file query_17.cif (mmCIF, C-alpha atoms)
data_input
loop_
_atom_site.label_atom_id
_atom_site.label_comp_id
_atom_site.auth_asym_id
_atom_site.auth_seq_id
_atom_site.Cartn_x
_atom_site.Cartn_y
_atom_site.Cartn_z
CA PRO A 205 9.33 23.10 3.92
CA ASP A 206 8.44 26.14 1.86
CA LEU A 207 5.09 24.67 0.94
CA LEU A 208 2.79 22.64 3.17
CA LEU A 209 -0.61 21.55 1.95
CA ARG A 210 -3.03 19.80 4.30
CA LEU A 211 -6.10 18.08 2.97
CA ASN A 212 -8.70 16.41 5.17
CA ILE A 213 -11.16 14.10 3.46
CA SER A 214 -14.07 13.03 5.62
CA GLU A 215 -16.54 11.15 3.40
CA LEU A 216 -15.04 9.95 0.12
CA SER A 217 -17.29 7.53 -1.77
CA PHE A 218 -17.18 6.18 -5.31
CA ASP A 219 -18.30 3.14 -7.30
CA SER A 220 -17.17 1.86 -10.70
CA PRO A 221 -19.86 0.86 -13.22
CA ASP A 222 -18.98 -2.84 -12.85
CA GLY A 223 -18.88 -2.67 -9.03
CA ARG A 224 -15.30 -3.96 -8.79
CA PHE A 225 -13.90 -0.72 -7.36
CA ALA A 226 -15.71 1.21 -4.66
CA ALA A 227 -15.29 3.22 -1.49
CA GLU A 228 -17.75 4.38 1.10
CA GLY A 229 -17.14 6.96 3.81
CA LEU A 230 -13.34 6.96 3.47
CA ALA A 231 -11.61 9.43 5.75
CA SER A 232 -8.04 10.50 5.15
CA ASN A 233 -5.73 13.28 6.15
CA VAL A 234 -3.07 14.11 3.56
CA ASN A 235 -0.01 16.31 4.10
CA ILE A 236 2.12 17.40 1.15
CA ALA A 237 5.41 19.13 1.96
CA ALA A 238 7.87 20.55 -0.58
CA THR A 239 10.62 23.08 -0.88
CA LEU A 240 10.64 25.66 -3.64
CA ASP A 241 13.97 24.50 -5.01
CA GLN A 242 12.69 20.89 -5.24
CA TRP A 243 8.97 21.37 -5.87
CA SER A 244 8.85 18.29 -8.13
CA THR A 245 9.92 15.97 -5.27
CA PRO A 246 7.40 16.49 -2.45
CA VAL A 247 6.82 14.26 0.57
CA VAL A 248 3.24 13.01 0.93
CA THR A 249 2.13 11.58 4.27
CA GLY A 250 -1.22 10.70 5.73
CA SER A 251 -3.54 7.97 6.86
CA LEU A 252 -6.77 6.23 5.94
CA SER A 253 -8.65 6.20 9.21
CA ARG A 254 -12.29 5.38 8.49
CA GLY A 255 -14.53 3.93 5.81
CA GLU A 256 -14.51 0.97 3.45
CA LEU A 257 -12.48 0.29 0.30
CA LEU A 258 -13.02 -2.36 -2.39
CA LEU A 259 -10.39 -2.90 -5.10
CA ASP A 260 -11.49 -5.94 -7.09
CA ASP A 261 -11.04 -8.87 -4.64
CA PHE A 262 -9.40 -6.74 -1.95
CA TYR A 263 -11.70 -5.32 0.73
CA ARG A 264 -10.73 -3.33 3.83
CA ASN A 265 -12.79 -1.64 6.52
CA PHE A 266 -10.59 0.98 8.20
CA SER A 267 -12.76 1.36 11.30
CA ASP A 268 -10.65 -1.29 13.07
CA GLY A 269 -7.34 0.53 12.55
CA ALA A 270 -5.76 3.23 10.42
CA LEU A 271 -3.36 2.65 7.56
CA GLU A 272 -0.60 5.26 7.53
CA TYR A 273 1.23 6.03 4.29
CA LEU A 274 4.23 7.92 2.98
CA PHE A 275 5.19 8.65 -0.65
CA ARG A 276 8.22 10.46 -2.07
CA PRO A 277 7.14 11.06 -5.68
CA ALA A 278 9.18 12.69 -8.42
CA TRP A 279 8.23 13.36 -12.02
CA ASN A 280 9.74 14.57 -15.24
CA GLU A 281 9.16 14.11 -18.97
CA LYS A 282 10.23 10.43 -18.74
CA GLY A 283 7.70 9.38 -16.13
CA ILE A 284 6.62 9.32 -12.53
CA GLN A 285 8.80 7.74 -9.87
CA ILE A 286 7.83 6.93 -6.33
CA ARG A 287 11.34 7.04 -4.87
CA ALA A 288 10.07 5.58 -1.63
CA PHE A 289 6.74 4.48 -0.25
CA SER A 290 5.57 2.88 2.95
CA PHE A 291 2.28 1.62 4.30
CA THR A 292 2.02 0.95 8.02
CA ASP A 293 -0.76 -0.54 10.10
CA LYS A 294 0.95 -0.67 13.48
CA SER A 295 -0.70 -3.87 14.61
CA ALA A 296 -0.67 -5.79 11.32
CA LEU A 297 1.39 -4.61 8.35
CA THR A 298 4.46 -2.75 7.13
CA VAL A 299 5.35 -2.52 3.41
CA GLU A 300 8.19 -0.44 1.99
CA GLY A 301 9.47 -0.04 -1.54
CA LYS A 302 9.66 2.01 -4.75
CA ALA A 303 7.48 2.28 -7.84
CA GLY A 304 7.41 3.99 -11.20
CA TRP A 305 5.50 4.59 -14.39
CA ALA A 306 7.41 5.35 -17.58
CA PHE A 307 5.96 7.56 -20.32
CA ASP A 308 8.15 5.99 -23.04
CA GLY A 309 5.42 3.83 -24.56
CA SER A 310 6.97 0.53 -23.41
CA ALA A 311 4.77 -2.57 -23.27
CA ASP A 312 4.96 -2.66 -19.46
CA PRO A 313 5.43 0.89 -18.16
CA TRP A 314 4.88 -0.03 -14.48
CA ARG A 315 7.70 -0.92 -12.10
CA LEU A 316 7.30 -2.04 -8.49
CA GLU A 317 10.01 -2.94 -6.00
CA ILE A 318 9.28 -4.18 -2.49
CA SER A 319 12.20 -3.94 -0.06
CA ARG A 320 10.50 -4.77 3.25
CA LEU A 321 7.35 -6.62 4.27
CA ASN A 322 6.21 -7.39 7.82
CA LEU A 323 2.97 -9.24 8.51
CA GLN A 324 1.75 -9.62 12.09
CA PHE A 325 -1.05 -12.19 12.37
CA PRO A 326 -3.98 -12.46 12.88
CA GLY A 327 -4.39 -8.75 12.01
CA ALA A 328 -2.58 -8.89 8.65
CA TYR A 329 -4.72 -11.82 7.51
CA GLU A 330 -8.02 -10.36 8.72
CA ARG A 331 -7.39 -6.82 7.40
CA TYR A 332 -5.41 -7.37 4.20
CA LEU A 333 -5.35 -10.98 3.02
CA GLU A 334 -8.60 -12.78 3.85
CA SER A 335 -10.83 -10.99 1.32
CA THR A 336 -8.39 -11.69 -1.52
CA LEU A 337 -7.69 -15.28 -0.47
CA ALA A 338 -11.44 -16.00 -0.33
CA ALA A 339 -11.32 -16.38 -4.13
CA TRP A 340 -9.31 -19.57 -3.45
CA THR A 341 -11.58 -20.56 -0.53
CA LEU A 342 -8.83 -19.66 1.95
CA ASP A 343 -11.05 -17.40 4.04
CA GLY A 344 -11.87 -18.30 7.62
CA LEU A 345 -8.31 -19.38 8.48
CA GLY A 346 -6.96 -18.93 11.98
CA ILE A 347 -3.44 -17.51 11.58
CA THR A 348 -1.12 -16.36 14.35
CA GLY A 349 2.55 -15.41 14.40
CA ARG A 350 4.70 -13.18 12.27
CA VAL A 351 6.31 -13.22 8.83
CA SER A 352 8.95 -10.67 7.86
CA TRP A 353 10.91 -10.30 4.67
CA SER A 354 13.49 -7.83 3.43
CA GLY A 355 15.24 -7.90 0.11
CA GLN A 356 14.36 -7.24 -3.52
CA TRP A 357 11.05 -8.12 -5.15
CA ILE A 358 11.12 -6.54 -8.58
CA GLU A 359 8.64 -6.91 -11.42
CA GLY A 360 6.88 -9.84 -9.71
CA GLU A 361 10.08 -11.82 -9.05
CA PHE A 362 12.08 -12.39 -5.87
CA ARG A 363 15.67 -11.32 -6.60
CA SER A 364 17.08 -11.67 -3.08
CA GLY A 365 15.97 -11.53 0.49
CA ASP A 366 15.86 -12.69 4.05
CA LEU A 367 12.71 -14.38 5.30
CA GLY A 368 11.85 -14.62 8.98
CA ILE A 369 8.97 -16.72 10.31
CA THR A 370 8.15 -16.51 13.99
CA ASP A 371 5.61 -18.76 15.75
CA LEU A 372 3.49 -19.10 12.59
CA SER A 373 0.37 -21.23 13.00
CA ILE A 374 -2.29 -21.74 10.33
CA VAL A 375 -5.52 -23.53 11.22
CA ASP A 376 -8.36 -24.12 8.76
CA THR A 377 -11.41 -23.37 10.89
#
call {"tool": "encode", "arguments": {"input": "query_17.cif", "output": "structure tokens"}}
result
Amino acid sequence: PDLLLRLNISELSFDSPDGRFAAEGLASNVNIAATLDQWSTPVVTGSLSRGELLLDDFYRNFSDGALEYLFRPAWNEKGIQIRAFSFTDKSALTVEGKAGWAFDGSADPWRLEISRLNLQFPGAYERYLESTLAAWTLDGLGITGRVSWSGQWIEGEFRSGDLGITDLSIVDT
């Protein structure tokens, strides 16, 4: 790449006035690589390796494992496109897809497509699902096994896909 920007964040903290969104002590390394002839389509990679994050009902403490990420954003006068993204927690989660935000004033400018999802339990439940599912009193479950899916999930609807379930066990403890 012609341009390489490295950013190391060691103690990012914030809190929204209503307390629904917060972070404490987040640590992340971010790498942004681009070429001069395609400066508007960089590759962003990095990881969240320490700290706590609260996004409404979702809570995650990264001290028990890093979350690696990759984004391939592009932008122009019509909007911002994430041509590809991935989130990987080697022992629990893989998510891949695309996203976008249109500037055309449409009623729903957001677009999200998921093409691959792998959940390895119990890590995926403990790190990514339990805090959100607690709103439906589904916390404290004992889940083992694996769920994988690849296909098209667009705009909140399954369009196609292959679902694999391996040795899945759910026990209400």
call {"tool": "atom_distance", "arguments": {"input": "query_17.cif", "atom1": "atom CA of A:Gln285", "atom2": "atom CA of A:Ala303"}}
result
6.0 Å
call {"tool": "closest_residue", "arguments": {"input": "query_17.cif", "among": "A:Ile347, A:Ile358, A:Leu257, A:Val375", "to": "A:Leu216", "atoms": "all atoms listed in the file"}}
result
A:Leu257
call {"tool": "atom_distance", "arguments": {"input": "query_17.cif", "atom1": "atom CA of A:Arg264", "atom2": "atom CA of A:Ala296"}}
result
12.8 Å
call {"tool": "residues_around", "arguments": {"input": "query_17.cif", "residues": "A:Trp340", "least_positions_apart": "6", "cutoff": "12 Å", "atoms": "all atoms listed in the file", "output": "VMD selection string"}}
result
chain A and resid 261 333 to 334
call {"tool": "resolve_selection", "arguments": {"input": "query_17.cif", "expression": "the PyMOL selection byres ((chain A and resi 206) around 7)", "output": "PyMOL selection string"}}
result
chain A and resi 205+207-208+238-240
call {"tool": "resolve_selection", "arguments": {"input": "query_17.cif", "expression": "the PyMOL selection byres ((chain A and resi 299) around 10)", "output": "PyMOL selection string"}}
result
chain A and resi 273+289-293+297-298+300-301+318-323+352-354
call {"tool": "resolve_selection", "arguments": {"input": "query_17.cif", "expression": "the PyMOL selection byres ((chain A and resi 268) around 9)", "output": "list in words"}}
result
Ser253, Arg254, Asn265, Phe266, Ser267, Gly269, Ala270 and Arg331 of chain A
call {"tool": "closest_residue", "arguments": {"input": "query_17.cif", "among": "A:Leu342, A:Leu316, A:Ile213, A:Leu372", "to": "A:Gly360", "atoms": "only C-alpha atoms"}}
result
A:Leu316
call {"tool": "closest_residue", "arguments": {"input": "query_17.cif", "among": "A:Phe218, A:Phe225, A:Phe262, A:Trp279", "to": "A:Ala339", "atoms": "all atoms listed in the file"}}
result
A:Phe262
call {"tool": "residues_around", "arguments": {"input": "query_17.cif", "residues": "A:Asn212", "least_positions_apart": "3", "cutoff": "9 Å", "atoms": "only C-alpha atoms", "output": "count of residues only"}}
result
5
call {"tool": "atom_distance", "arguments": {"input": "query_17.cif", "atom1": "atom CA of A:Arg350", "atom2": "atom CA of A:Ser295"}}
result
11.0 Å
call {"tool": "closest_residue", "arguments": {"input": "query_17.cif", "among": "A:Leu252, A:Leu258, A:Ile236, A:Val247", "to": "A:Arg224", "atoms": "only C-alpha atoms"}}
result
A:Leu258
call {"tool": "closest_residue", "arguments": {"input": "query_17.cif", "among": "A:Thr348, A:Gly250, A:Thr370, A:Asp308", "to": "A:Gly327", "atoms": "all atoms listed in the file"}}
result
A:Thr348
call {"tool": "closest_residue", "arguments": {"input": "query_17.cif", "among": "A:Asp371, A:Glu359, A:Asp343, A:Glu281", "to": "A:Phe325", "atoms": "all atoms listed in the file"}}
result
A:Asp371
call {"tool": "decode", "arguments": {"input": "query_17.cif", "residues": "stretch 360-373 of chain A", "atoms": "N, CA and C atoms", "output": "short mmCIF file (atom, residue, chain, number, x, y, z; two decimals), in the first residue's frame"}}
result
data_model
loop_
_atom_site.label_atom_id
_atom_site.label_comp_id
_atom_site.auth_asym_id
_atom_site.auth_seq_id
_atom_site.Cartn_x
_atom_site.Cartn_y
_atom_site.Cartn_z
N GLY A 360 -32.96 -7.95 7.10
CA GLY A 360 -33.70 -8.64 8.15
C GLY A 360 -34.48 -9.85 7.69
N GLU A 361 -34.23 -10.33 6.46
CA GLU A 361 -34.94 -11.49 5.94
C GLU A 361 -33.95 -12.51 5.41
N PHE A 362 -34.20 -13.80 5.68
CA PHE A 362 -33.42 -14.87 5.08
C PHE A 362 -33.86 -15.04 3.64
N ARG A 363 -32.93 -14.92 2.69
CA ARG A 363 -33.26 -15.09 1.27
C ARG A 363 -32.87 -16.48 0.79
N SER A 364 -31.78 -17.01 1.32
CA SER A 364 -31.32 -18.35 0.98
C SER A 364 -30.26 -18.74 1.99
N GLY A 365 -29.91 -20.01 2.01
CA GLY A 365 -28.83 -20.39 2.89
C GLY A 365 -28.76 -21.86 3.20
N ASP A 366 -27.64 -22.23 3.77
CA ASP A 366 -27.39 -23.58 4.25
C ASP A 366 -27.10 -23.49 5.73
N LEU A 367 -27.84 -24.24 6.52
CA LEU A 367 -27.70 -24.26 7.96
C LEU A 367 -27.09 -25.57 8.39
N GLY A 368 -26.06 -25.50 9.22
CA GLY A 368 -25.43 -26.69 9.78
C GLY A 368 -25.48 -26.62 11.30
N ILE A 369 -25.97 -27.68 11.92
CA ILE A 369 -26.02 -27.77 13.38
C ILE A 369 -25.26 -29.03 13.77
N THR A 370 -24.26 -28.84 14.63
CA THR A 370 -23.42 -29.96 15.03
C THR A 370 -23.41 -30.10 16.54
N ASP A 371 -23.89 -31.23 17.04
CA ASP A 371 -23.85 -31.57 18.47
C ASP A 371 -24.39 -30.45 19.35
N LEU A 372 -25.48 -29.81 18.95
CA LEU A 372 -26.05 -28.70 19.71
C LEU A 372 -26.83 -29.23 20.91
N SER A 373 -26.53 -28.70 22.05
CA SER A 373 -27.23 -29.05 23.30
C SER A 373 -27.53 -27.77 24.04
#
